[in-house]
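Pasted below: data_17.tsv, TSV, C-alpha atoms.
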chain	number	residue	atom	x	y	z
J	166	MET	CA	-43.43	-5.80	-6.46
J	167	ILE	CA	-42.28	-5.33	-10.03
J	168	ALA	CA	-42.99	-1.98	-11.65
J	169	SER	CA	-44.49	-3.75	-14.67
J	170	GLY	CA	-45.09	-0.48	-16.52
J	171	ARG	CA	-41.39	-0.18	-17.21
J	172	VAL	CA	-40.98	-3.73	-18.49
J	173	ASN	CA	-41.53	-4.45	-22.17
J	174	GLU	CA	-42.12	-8.21	-22.00
J	175	ALA	CA	-42.08	-8.69	-25.78
J	176	GLN	CA	-38.71	-6.96	-25.99
J	177	ILE	CA	-37.36	-9.13	-23.18
J	178	ALA	CA	-38.69	-12.34	-24.78
J	179	ALA	CA	-37.06	-11.40	-28.09
J	180	GLY	CA	-33.76	-10.69	-26.35
J	181	VAL	CA	-33.87	-14.02	-24.53
J	182	GLU	CA	-34.47	-15.85	-27.80
J	183	ARG	CA	-31.54	-14.06	-29.47
J	184	ALA	CA	-29.33	-14.99	-26.52
J	185	ARG	CA	-30.41	-18.63	-26.66
J	186	ALA	CA	-29.64	-18.82	-30.36
J	187	ALA	CA	-26.24	-17.20	-29.85
J	188	LEU	CA	-25.38	-19.56	-26.99
J	189	ALA	CA	-26.45	-22.82	-28.65
J	190	PRO	CA	-25.45	-25.63	-28.35
J	191	ASP	CA	-24.10	-24.96	-24.83
J	192	VAL	CA	-27.42	-23.48	-23.71
J	193	ILE	CA	-30.50	-25.60	-24.37
J	194	ARG	CA	-33.14	-23.19	-23.08
J	195	ILE	CA	-33.63	-20.08	-21.01
J	196	ARG	CA	-36.64	-19.38	-18.80
J	197	TYR	CA	-37.20	-16.37	-16.58
J	198	THR	CA	-39.36	-14.92	-13.83
J	199	PHE	CA	-39.87	-11.39	-12.55
J	200	ALA	CA	-39.65	-10.97	-8.78
J	201	ASP	CA	-37.99	-8.85	-6.14
J	202	ASP	CA	-34.54	-9.82	-4.93
J	203	TRP	CA	-33.71	-10.15	-1.24
J	204	THR	CA	-33.21	-6.40	-0.89
J	205	GLY	CA	-36.65	-5.71	-2.42
J	206	ASP	CA	-35.31	-4.47	-5.76
J	207	PRO	CA	-37.21	-5.48	-8.92
J	208	SER	CA	-35.32	-8.25	-10.69
J	209	ILE	CA	-35.38	-10.84	-13.41
J	210	PHE	CA	-34.32	-14.36	-12.48
J	211	PHE	CA	-33.02	-16.38	-15.41
J	212	ARG	CA	-33.11	-20.18	-15.39
J	213	ILE	CA	-30.53	-21.55	-17.80
J	214	VAL	CA	-30.38	-25.17	-18.90
J	215	LEU	CA	-26.87	-26.16	-19.99
J	216	SER	CA	-25.98	-29.13	-22.15
J	217	ASP	CA	-24.02	-31.90	-20.48
J	218	ASP	CA	-21.02	-31.04	-22.67
J	219	ALA	CA	-21.07	-27.40	-21.57
J	220	SER	CA	-21.26	-28.42	-17.92
J	221	ARG	CA	-18.19	-30.65	-18.31
J	222	LYS	CA	-15.97	-27.83	-19.54
J	223	ALA	CA	-12.96	-27.34	-17.30
J	224	ARG	CA	-13.96	-23.92	-16.05
J	225	LEU	CA	-17.70	-23.86	-15.57
J	226	GLY	CA	-17.45	-20.36	-14.09
J	227	GLU	CA	-16.09	-18.97	-17.37
J	228	THR	CA	-18.89	-20.66	-19.29
J	229	ALA	CA	-21.39	-19.07	-16.90
J	230	GLU	CA	-19.77	-15.65	-17.27
J	231	ARG	CA	-20.00	-15.90	-21.07
J	232	VAL	CA	-23.66	-17.00	-20.89
J	233	GLU	CA	-24.55	-14.18	-18.52
J	234	GLY	CA	-22.67	-11.60	-20.61
J	235	VAL	CA	-24.56	-12.57	-23.77
J	236	ILE	CA	-27.92	-12.53	-21.97
J	237	ARG	CA	-27.23	-9.13	-20.42
J	238	ASN	CA	-26.22	-7.72	-23.80
J	239	GLU	CA	-29.26	-9.09	-25.62
J	240	VAL	CA	-31.90	-8.48	-22.92
J	241	ASP	CA	-30.43	-5.41	-21.18
J	242	PRO	CA	-32.45	-5.81	-17.95
J	243	GLU	CA	-31.03	-2.59	-16.53
J	244	GLU	CA	-32.86	-0.66	-19.24
J	245	PHE	CA	-36.07	-1.76	-17.50
J	246	GLY	CA	-34.72	-1.06	-14.02
J	247	LEU	CA	-34.20	-4.75	-13.27
J	248	HIS	CA	-31.34	-6.51	-11.53
J	249	SER	CA	-30.53	-9.83	-13.18
J	250	TYR	CA	-29.75	-13.15	-11.49
J	251	PHE	CA	-28.84	-16.51	-12.99
J	252	ASN	CA	-29.43	-20.11	-11.93
J	253	TYR	CA	-28.36	-23.25	-13.76
J	254	ARG	CA	-29.44	-26.79	-14.43
J	255	ILE	CA	-27.87	-29.47	-16.59
J	256	VAL	CA	-30.00	-31.45	-19.04
J	257	SER	CA	-29.20	-34.82	-17.48
J	258	GLU	CA	-29.92	-33.43	-14.01
J	259	LEU	CA	-33.41	-32.37	-15.11
J	260	ALA	CA	-33.99	-35.77	-16.70
J	261	GLU	CA	-33.27	-37.32	-13.31
J	262	LEU	CA	-35.20	-34.76	-11.25
J	263	PRO	CA	-37.72	-32.90	-13.47
J	264	GLU	CA	-38.79	-29.42	-12.40
J	265	PRO	CA	-41.78	-27.88	-14.25
J	266	ALA	CA	-40.43	-24.32	-13.97
J	267	TRP	CA	-37.36	-25.35	-15.98
J	268	ALA	CA	-39.23	-27.22	-18.75
T	279	MET	CA	-6.79	-15.22	3.80
T	280	PRO	CA	-6.84	-18.83	5.00
T	281	TYR	CA	-10.37	-18.75	6.41
T	282	ALA	CA	-11.83	-17.72	3.04
T	283	ASP	CA	-9.79	-20.43	1.30
T	284	HIS	CA	-11.02	-23.00	3.78
T	285	LEU	CA	-14.64	-22.01	3.21
T	286	LEU	CA	-14.20	-22.43	-0.54
T	287	GLU	CA	-12.56	-25.80	0.05
T	288	GLN	CA	-15.52	-26.77	2.25
T	289	ALA	CA	-17.91	-25.73	-0.52
T	290	HIS	CA	-16.07	-28.07	-2.91
T	291	HIS	CA	-16.30	-30.86	-0.35
T	292	LEU	CA	-20.04	-30.39	0.15
T	293	ALA	CA	-20.69	-30.27	-3.60
T	294	LYS	CA	-19.22	-33.76	-3.98
T	295	ARG	CA	-21.67	-35.36	-1.55
T	296	GLU	CA	-24.51	-37.57	-2.86
T	297	ARG	CA	-23.45	-37.14	-6.49
T	298	LYS	CA	-26.56	-38.69	-8.06
T	299	ARG	CA	-29.40	-37.36	-5.93
T	300	PRO	CA	-28.12	-34.79	-3.48
T	301	ARG	CA	-30.24	-34.11	-0.45
T	302	GLN	CA	-31.20	-30.40	-0.32
T	303	ALA	CA	-28.87	-29.75	2.60
T	304	SER	CA	-25.77	-30.34	0.46
T	305	PRO	CA	-26.28	-27.90	-2.43
T	306	ARG	CA	-27.79	-25.33	-0.06
T	307	ARG	CA	-24.83	-25.44	2.29
T	308	THR	CA	-22.47	-25.45	-0.70
T	309	VAL	CA	-23.98	-22.21	-1.97
T	310	SER	CA	-23.85	-20.68	1.49
T	311	ALA	CA	-20.20	-21.70	2.03
T	312	ALA	CA	-19.22	-20.36	-1.40
T	313	TYR	CA	-20.84	-16.99	-0.65
T	314	TYR	CA	-19.18	-16.77	2.75
T	315	ALA	CA	-15.82	-17.64	1.17
T	316	LEU	CA	-16.22	-14.56	-1.01
T	317	PHE	CA	-17.54	-12.41	1.85
T	318	HIS	CA	-14.62	-13.32	4.11
T	319	LEU	CA	-12.09	-12.92	1.30
T	320	LEU	CA	-13.14	-9.28	0.90
T	321	ILE	CA	-13.44	-8.36	4.57
T	322	SER	CA	-10.13	-10.03	5.46
T	323	GLU	CA	-8.47	-8.11	2.65
T	324	ALA	CA	-9.98	-4.88	3.92
T	325	ALA	CA	-8.95	-5.62	7.50
T	326	ARG	CA	-5.41	-6.44	6.32
T	327	ASN	CA	-4.92	-2.70	5.83
T	328	TRP	CA	-5.35	-2.09	9.56
T	329	LYS	CA	-1.91	-1.79	11.12
T	330	ARG	CA	-2.78	-3.34	14.49
T	331	VAL	CA	-3.02	-7.05	13.75
T	332	ASP	CA	-4.80	-7.82	17.05
T	333	GLN	CA	-7.72	-5.53	16.06
T	334	ARG	CA	-8.32	-6.86	12.55
T	335	ALA	CA	-10.90	-9.48	13.53
T	336	LEU	CA	-12.87	-6.84	15.42
T	337	LEU	CA	-12.68	-4.46	12.47
T	338	ALA	CA	-13.98	-7.20	10.14
T	339	ARG	CA	-17.20	-7.31	12.15
T	340	PHE	CA	-18.15	-3.83	10.93
T	341	PHE	CA	-18.75	-5.13	7.40
T	342	GLU	CA	-22.42	-5.73	6.60
T	343	HIS	CA	-23.95	-7.81	3.84
T	344	GLY	CA	-26.32	-5.07	2.65
T	345	LYS	CA	-23.68	-2.35	2.51
T	346	MET	CA	-21.27	-4.66	0.70
T	347	ARG	CA	-23.98	-5.42	-1.82
T	348	THR	CA	-24.61	-1.71	-2.41
T	349	ALA	CA	-20.88	-1.09	-2.79
T	350	SER	CA	-20.59	-4.02	-5.21
T	351	ASP	CA	-23.51	-2.76	-7.27
T	352	ARG	CA	-21.84	0.63	-7.52
T	353	GLN	CA	-18.48	-0.92	-8.41
T	354	ARG	CA	-19.99	-3.19	-11.04
T	355	GLY	CA	-21.71	-0.23	-12.69
T	356	GLU	CA	-18.50	1.79	-12.70
T	357	CYS	CA	-16.55	-1.10	-14.26
T	358	GLN	CA	-19.28	-1.73	-16.84
T	359	ARG	CA	-19.30	1.90	-17.90
T	360	PHE	CA	-15.52	1.85	-18.29
T	361	ILE	CA	-15.44	-1.46	-20.20
T	362	SER	CA	-18.24	-0.57	-22.62
T	363	ALA	CA	-17.28	3.10	-23.12
T	364	ILE	CA	-17.33	4.59	-26.60
T	365	PRO	CA	-14.67	4.89	-27.89
T	366	PRO	CA	-13.56	1.57	-26.38
T	367	PRO	CA	-10.87	1.75	-23.68
T	368	VAL	CA	-7.30	1.02	-24.68
T	369	PRO	CA	-6.29	-2.54	-23.69
T	370	GLY	CA	-3.80	-2.39	-20.85
T	371	PRO	CA	-3.43	-2.62	-17.08
T	372	GLU	CA	-6.35	-0.29	-16.28
T	373	PHE	CA	-8.70	-2.19	-18.56
T	374	GLU	CA	-7.58	-5.51	-17.07
T	375	CYS	CA	-8.07	-4.17	-13.54
T	376	MET	CA	-11.61	-3.05	-14.33
T	377	ARG	CA	-12.40	-6.40	-15.96
T	378	HIS	CA	-11.23	-8.31	-12.87
T	379	LEU	CA	-13.03	-5.94	-10.49
T	380	HIS	CA	-16.22	-6.31	-12.51
T	381	ARG	CA	-15.96	-10.07	-12.05
T	382	VAL	CA	-15.48	-9.69	-8.29
T	383	ALA	CA	-18.35	-7.24	-7.75
T	384	ASN	CA	-20.74	-9.10	-10.03
T	385	ALA	CA	-20.02	-12.48	-8.43
T	386	PHE	CA	-20.56	-10.98	-4.98
T	387	ILE	CA	-24.05	-9.75	-5.92
T	388	GLN	CA	-24.99	-13.05	-7.58
T	389	ALA	CA	-23.62	-15.17	-4.74
T	390	GLN	CA	-25.35	-13.12	-2.07
T	391	GLN	CA	-28.76	-13.53	-3.72
T	392	GLN	CA	-28.18	-17.26	-4.16
T	393	ARG	CA	-27.09	-17.61	-0.56
T	394	HIS	CA	-30.24	-15.83	0.61
T	395	THR	CA	-32.44	-18.19	-1.39
T	396	ALA	CA	-30.45	-21.25	-0.33
T	397	ASP	CA	-30.66	-20.37	3.35
T	398	TYR	CA	-34.22	-19.03	3.61
T	399	ASP	CA	-36.37	-20.21	0.70
T	400	ASN	CA	-37.20	-23.89	1.07
T	401	ALA	CA	-39.72	-23.70	-1.77
T	402	THR	CA	-36.92	-23.29	-4.31
T	403	GLN	CA	-34.93	-26.41	-5.16
T	404	ARG	CA	-31.14	-26.22	-5.29
T	405	THR	CA	-29.10	-28.67	-7.33
T	406	ARG	CA	-25.49	-29.65	-7.95
T	407	ALA	CA	-25.45	-27.53	-11.12
T	408	ASP	CA	-26.33	-24.41	-9.12
T	409	ALA	CA	-23.71	-25.23	-6.52
T	410	LEU	CA	-20.91	-26.13	-8.94
T	411	THR	CA	-21.50	-23.07	-11.10
T	412	LEU	CA	-21.30	-20.78	-8.09
T	413	ILE	CA	-18.18	-22.46	-6.72
T	414	SER	CA	-16.48	-22.12	-10.07
T	415	LYS	CA	-17.39	-18.42	-10.26
T	416	VAL	CA	-16.10	-17.79	-6.74
T	417	ALA	CA	-12.86	-19.63	-7.55
T	418	LEU	CA	-12.40	-17.28	-10.52
T	419	VAL	CA	-12.96	-14.34	-8.17
T	420	PHE	CA	-10.18	-15.58	-5.89
T	421	GLU	CA	-7.84	-15.62	-8.93
T	422	SER	CA	-8.96	-12.19	-10.10
T	423	TRP	CA	-8.61	-10.70	-6.66
T	424	ARG	CA	-5.00	-11.88	-6.39
T	425	VAL	CA	-4.27	-10.04	-9.64
T	426	VAL	CA	-5.77	-6.69	-8.60
T	427	ARG	CA	-5.63	-6.66	-4.80
T	428	ASP	CA	-3.01	-3.89	-4.61
T	429	GLU	CA	-4.51	-1.69	-7.32
T	430	PRO	CA	-5.93	1.64	-6.07
T	431	ALA	CA	-9.37	0.86	-7.57
T	432	ALA	CA	-9.50	-2.48	-5.75
T	433	GLN	CA	-8.50	-0.89	-2.47
T	434	ALA	CA	-11.15	1.81	-2.95
T	435	TYR	CA	-13.77	-0.91	-3.54
T	436	LEU	CA	-12.78	-2.66	-0.31
T	437	ILE	CA	-13.35	0.40	1.79
T	438	SER	CA	-16.41	1.68	-0.10
T	439	PRO	CA	-19.02	-0.20	2.03
T	440	SER	CA	-18.19	2.30	4.80
T	441	ASN	CA	-19.45	5.21	2.64
Take the structure I supplied and represent it as structure tokens, if you would.
Amino acid sequence: MIASGRVNEAQIAAGVERARAALAPDVIRIRYTFADDWTGDPSIFFRIVLSDDASRKARLGETAERVEGVIRNEVDPEEFGLHSYFNYRIVSELAELPEPAWA
Amino acid sequence: MPYADHLLEQAHHLAKRERKRPRQASPRRTVSAAYYALFHLLISEAARNWKRVDQRALLARFFEHGKMRTASDRQRGECQRFISAIPPPVPGPEFECMRHLHRVANAFIQAQQQRHTADYDNATQRTRADALTLISKVALVFESWRVVRDEPAAQAYLISPSN
């Protein structure tokens, strides 16, 4: 279970919005959920929607590293005792197979 | 490290299946193969230090997912503290080594969590984007590891799960 007392949700939401603005137009939106990871540690799971252009860049891994670096800097999950994890979708992929959690 | 390379190659192969609407088995197995490529890269590199070649495979069996995760978490923190120190570190070989090791340790933690979800959580959908992003990150780790593999800090990381 998440130790919610340590988490300032408004601060996290503001950080996510700053990260999204900094990462536009490659990143379309960022959603997140608090949950434990597989070891039982409190964590924040980010869901990042990339533009089709960003997903076509030669080295997707480098794009992901840049996105994750900016989010970590702006949100600083470790300040709240949270591990951070990142999952990705591409806009056209969601158009084909919509998922409410990513909307 | 041919086995690790082959697992990464298999992950690429699986990611190309059913390009439009992949069945869940493909991205899930892609994620799993990509994680195991990274796992076997690190344990084969650690076992390579054992002088008796015929015992290396046996030695590799002592490495555990949980302990490697703990060691990676520790390594990532150490690298992060070095990289973001004030005053900033002087650019050079040590800085580059820490940057590459940070990539390795961070990718290991991310990949392990993704593999756990892919293998055990059928309620969570996996897609090609998830799979391709992870493969690309693991491929970068293979490149980074080749740069730093003989550095003392990299060798210390390899053996740290035994602590």
Next on the checklist: Rounded to one decimal, what separation in Å do you get between CA of Arg212 in chain J and CA of Tyr250 in chain J?
Outcome noted: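 Distance reported for this atom pair: 8.7 Å.
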Checklist entry - Which residues, written as an NGL selection string, have at least one atom at most 12 Å from Trp423 in chain T, with all atoms listed in the file counted and residues fewer than 3 positions away on the same chain left out? => result :T and (279 or 316 or 319-320 or 323 or 374-383 or 385 or 416-420 or 426-429 or 431-433 or 435-436)
Next on the checklist: Please determine, counting all atoms listed in the file, which residue among J:Arg224, J:Arg171, J:Arg237, J:Arg231 has the shortest atom-to-atom distance to chain T.
Outcome noted: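 So, comparing all the options, the nearest one is J:Arg224.
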Next on the checklist: as a count of residues only, please: the residues near Leu225 in chain J (cut-off 7 Å, all atoms listed in the file, same-chain neighbours under 5 positions excluded).
Outcome noted: 3
Next on the checklist: I'd like the neighbourhood of Tyr313 in chain T as a PyMOL selection string, where a residue qualifies if any of its atoms comes within 12 Å (using all atoms listed in the file), though same-chain residues fewer than 5 positions away should be ignored.
Outcome noted: chain T and resi 282-283+285-286+288-289+306-308+318-320+343+382+385-397+409+412-417+419-420
Checklist entry - What residues in chain J have any atom no more than 12 Å from chain T when counting only C-alpha atoms, and can you write them as number ranges by chain? => result J: 201-206, 208, 210-217, 219-234, 237-238, 243, 248-267
Please, could you write that set of residues out with C-alpha atoms as a JSON list (two decimals), in the frame of the given file?
[["chain", "number", "residue", "atom", "x", "y", "z"],
["J", 201, "ASP", "CA", -37.99, -8.85, -6.14],
["J", 202, "ASP", "CA", -34.54, -9.82, -4.93],
["J", 203, "TRP", "CA", -33.71, -10.15, -1.24],
["J", 204, "THR", "CA", -33.21, -6.40, -0.89],
["J", 205, "GLY", "CA", -36.65, -5.71, -2.42],
["J", 206, "ASP", "CA", -35.31, -4.47, -5.76],
["J", 208, "SER", "CA", -35.32, -8.25, -10.69],
["J", 210, "PHE", "CA", -34.32, -14.36, -12.48],
["J", 211, "PHE", "CA", -33.02, -16.38, -15.41],
["J", 212, "ARG", "CA", -33.11, -20.18, -15.39],
["J", 213, "ILE", "CA", -30.53, -21.55, -17.80],
["J", 214, "VAL", "CA", -30.38, -25.17, -18.90],
["J", 215, "LEU", "CA", -26.87, -26.16, -19.99],
["J", 216, "SER", "CA", -25.98, -29.13, -22.15],
["J", 217, "ASP", "CA", -24.02, -31.90, -20.48],
["J", 219, "ALA", "CA", -21.07, -27.40, -21.57],
["J", 220, "SER", "CA", -21.26, -28.42, -17.92],
["J", 221, "ARG", "CA", -18.19, -30.65, -18.31],
["J", 222, "LYS", "CA", -15.97, -27.83, -19.54],
["J", 223, "ALA", "CA", -12.96, -27.34, -17.30],
["J", 224, "ARG", "CA", -13.96, -23.92, -16.05],
["J", 225, "LEU", "CA", -17.70, -23.86, -15.57],
["J", 226, "GLY", "CA", -17.45, -20.36, -14.09],
["J", 227, "GLU", "CA", -16.09, -18.97, -17.37],
["J", 228, "THR", "CA", -18.89, -20.66, -19.29],
["J", 229, "ALA", "CA", -21.39, -19.07, -16.90],
["J", 230, "GLU", "CA", -19.77, -15.65, -17.27],
["J", 231, "ARG", "CA", -20.00, -15.90, -21.07],
["J", 232, "VAL", "CA", -23.66, -17.00, -20.89],
["J", 233, "GLU", "CA", -24.55, -14.18, -18.52],
["J", 234, "GLY", "CA", -22.67, -11.60, -20.61],
["J", 237, "ARG", "CA", -27.23, -9.13, -20.42],
["J", 238, "ASN", "CA", -26.22, -7.72, -23.80],
["J", 243, "GLU", "CA", -31.03, -2.59, -16.53],
["J", 248, "HIS", "CA", -31.34, -6.51, -11.53],
["J", 249, "SER", "CA", -30.53, -9.83, -13.18],
["J", 250, "TYR", "CA", -29.75, -13.15, -11.49],
["J", 251, "PHE", "CA", -28.84, -16.51, -12.99],
["J", 252, "ASN", "CA", -29.43, -20.11, -11.93],
["J", 253, "TYR", "CA", -28.36, -23.25, -13.76],
["J", 254, "ARG", "CA", -29.44, -26.79, -14.43],
["J", 255, "ILE", "CA", -27.87, -29.47, -16.59],
["J", 256, "VAL", "CA", -30.00, -31.45, -19.04],
["J", 257, "SER", "CA", -29.20, -34.82, -17.48],
["J", 258, "GLU", "CA", -29.92, -33.43, -14.01],
["J", 259, "LEU", "CA", -33.41, -32.37, -15.11],
["J", 260, "ALA", "CA", -33.99, -35.77, -16.70],
["J", 261, "GLU", "CA", -33.27, -37.32, -13.31],
["J", 262, "LEU", "CA", -35.20, -34.76, -11.25],
["J", 263, "PRO", "CA", -37.72, -32.90, -13.47],
["J", 264, "GLU", "CA", -38.79, -29.42, -12.40],
["J", 265, "PRO", "CA", -41.78, -27.88, -14.25],
["J", 266, "ALA", "CA", -40.43, -24.32, -13.97],
["J", 267, "TRP", "CA", -37.36, -25.35, -15.98]]
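Picture a line from CA of Ser422 in chain T to CA of Phe317 in chain T; it runs 14.7 Å.
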Checklist entry - Mind pulling up the distance from CA of Arg185 in chain J to CA of Gly246 in chain J? => result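 According to the coordinates, CA of Gly246 in chain J and CA of Arg185 in chain J are separated by 22.1 Å.
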Would you mind writing range 201-212 of chain J with N, CA and C atoms, as a JSON list (two decimals), in the coordinates of the input?
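So the final result, stored in result.json, reads:
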[["chain", "number", "residue", "atom", "x", "y", "z"],
["J", 201, "ASP", "N", -38.93, -9.70, -6.86],
["J", 201, "ASP", "CA", -37.99, -8.85, -6.14],
["J", 201, "ASP", "C", -36.83, -9.70, -5.62],
["J", 202, "ASP", "N", -35.65, -9.10, -5.55],
["J", 202, "ASP", "CA", -34.54, -9.82, -4.93],
["J", 202, "ASP", "C", -34.60, -9.64, -3.42],
["J", 203, "TRP", "N", -33.60, -10.14, -2.70],
["J", 203, "TRP", "CA", -33.71, -10.15, -1.24],
["J", 203, "TRP", "C", -33.69, -8.74, -0.64],
["J", 204, "THR", "N", -33.21, -7.77, -1.41],
["J", 204, "THR", "CA", -33.21, -6.40, -0.89],
["J", 204, "THR", "C", -34.51, -5.67, -1.23],
["J", 205, "GLY", "N", -35.38, -6.33, -2.02],
["J", 205, "GLY", "CA", -36.65, -5.71, -2.42],
["J", 205, "GLY", "C", -36.57, -5.00, -3.77],
["J", 206, "ASP", "N", -35.44, -5.10, -4.45],
["J", 206, "ASP", "CA", -35.31, -4.47, -5.76],
["J", 206, "ASP", "C", -35.95, -5.33, -6.85],
["J", 207, "PRO", "N", -36.63, -4.71, -7.83],
["J", 207, "PRO", "CA", -37.21, -5.48, -8.92],
["J", 207, "PRO", "C", -36.12, -6.18, -9.73],
["J", 208, "SER", "N", -36.38, -7.43, -10.08],
["J", 208, "SER", "CA", -35.32, -8.25, -10.69],
["J", 208, "SER", "C", -35.90, -9.23, -11.68],
["J", 209, "ILE", "N", -35.01, -9.74, -12.52],
["J", 209, "ILE", "CA", -35.38, -10.84, -13.41],
["J", 209, "ILE", "C", -34.45, -12.01, -13.08],
["J", 210, "PHE", "N", -35.07, -13.16, -12.85],
["J", 210, "PHE", "CA", -34.32, -14.36, -12.48],
["J", 210, "PHE", "C", -34.32, -15.31, -13.67],
["J", 211, "PHE", "N", -33.14, -15.50, -14.25],
["J", 211, "PHE", "CA", -33.02, -16.38, -15.41],
["J", 211, "PHE", "C", -32.73, -17.81, -14.96],
["J", 212, "ARG", "N", -33.38, -18.76, -15.63],
["J", 212, "ARG", "CA", -33.11, -20.18, -15.39],
["J", 212, "ARG", "C", -32.52, -20.74, -16.69]]
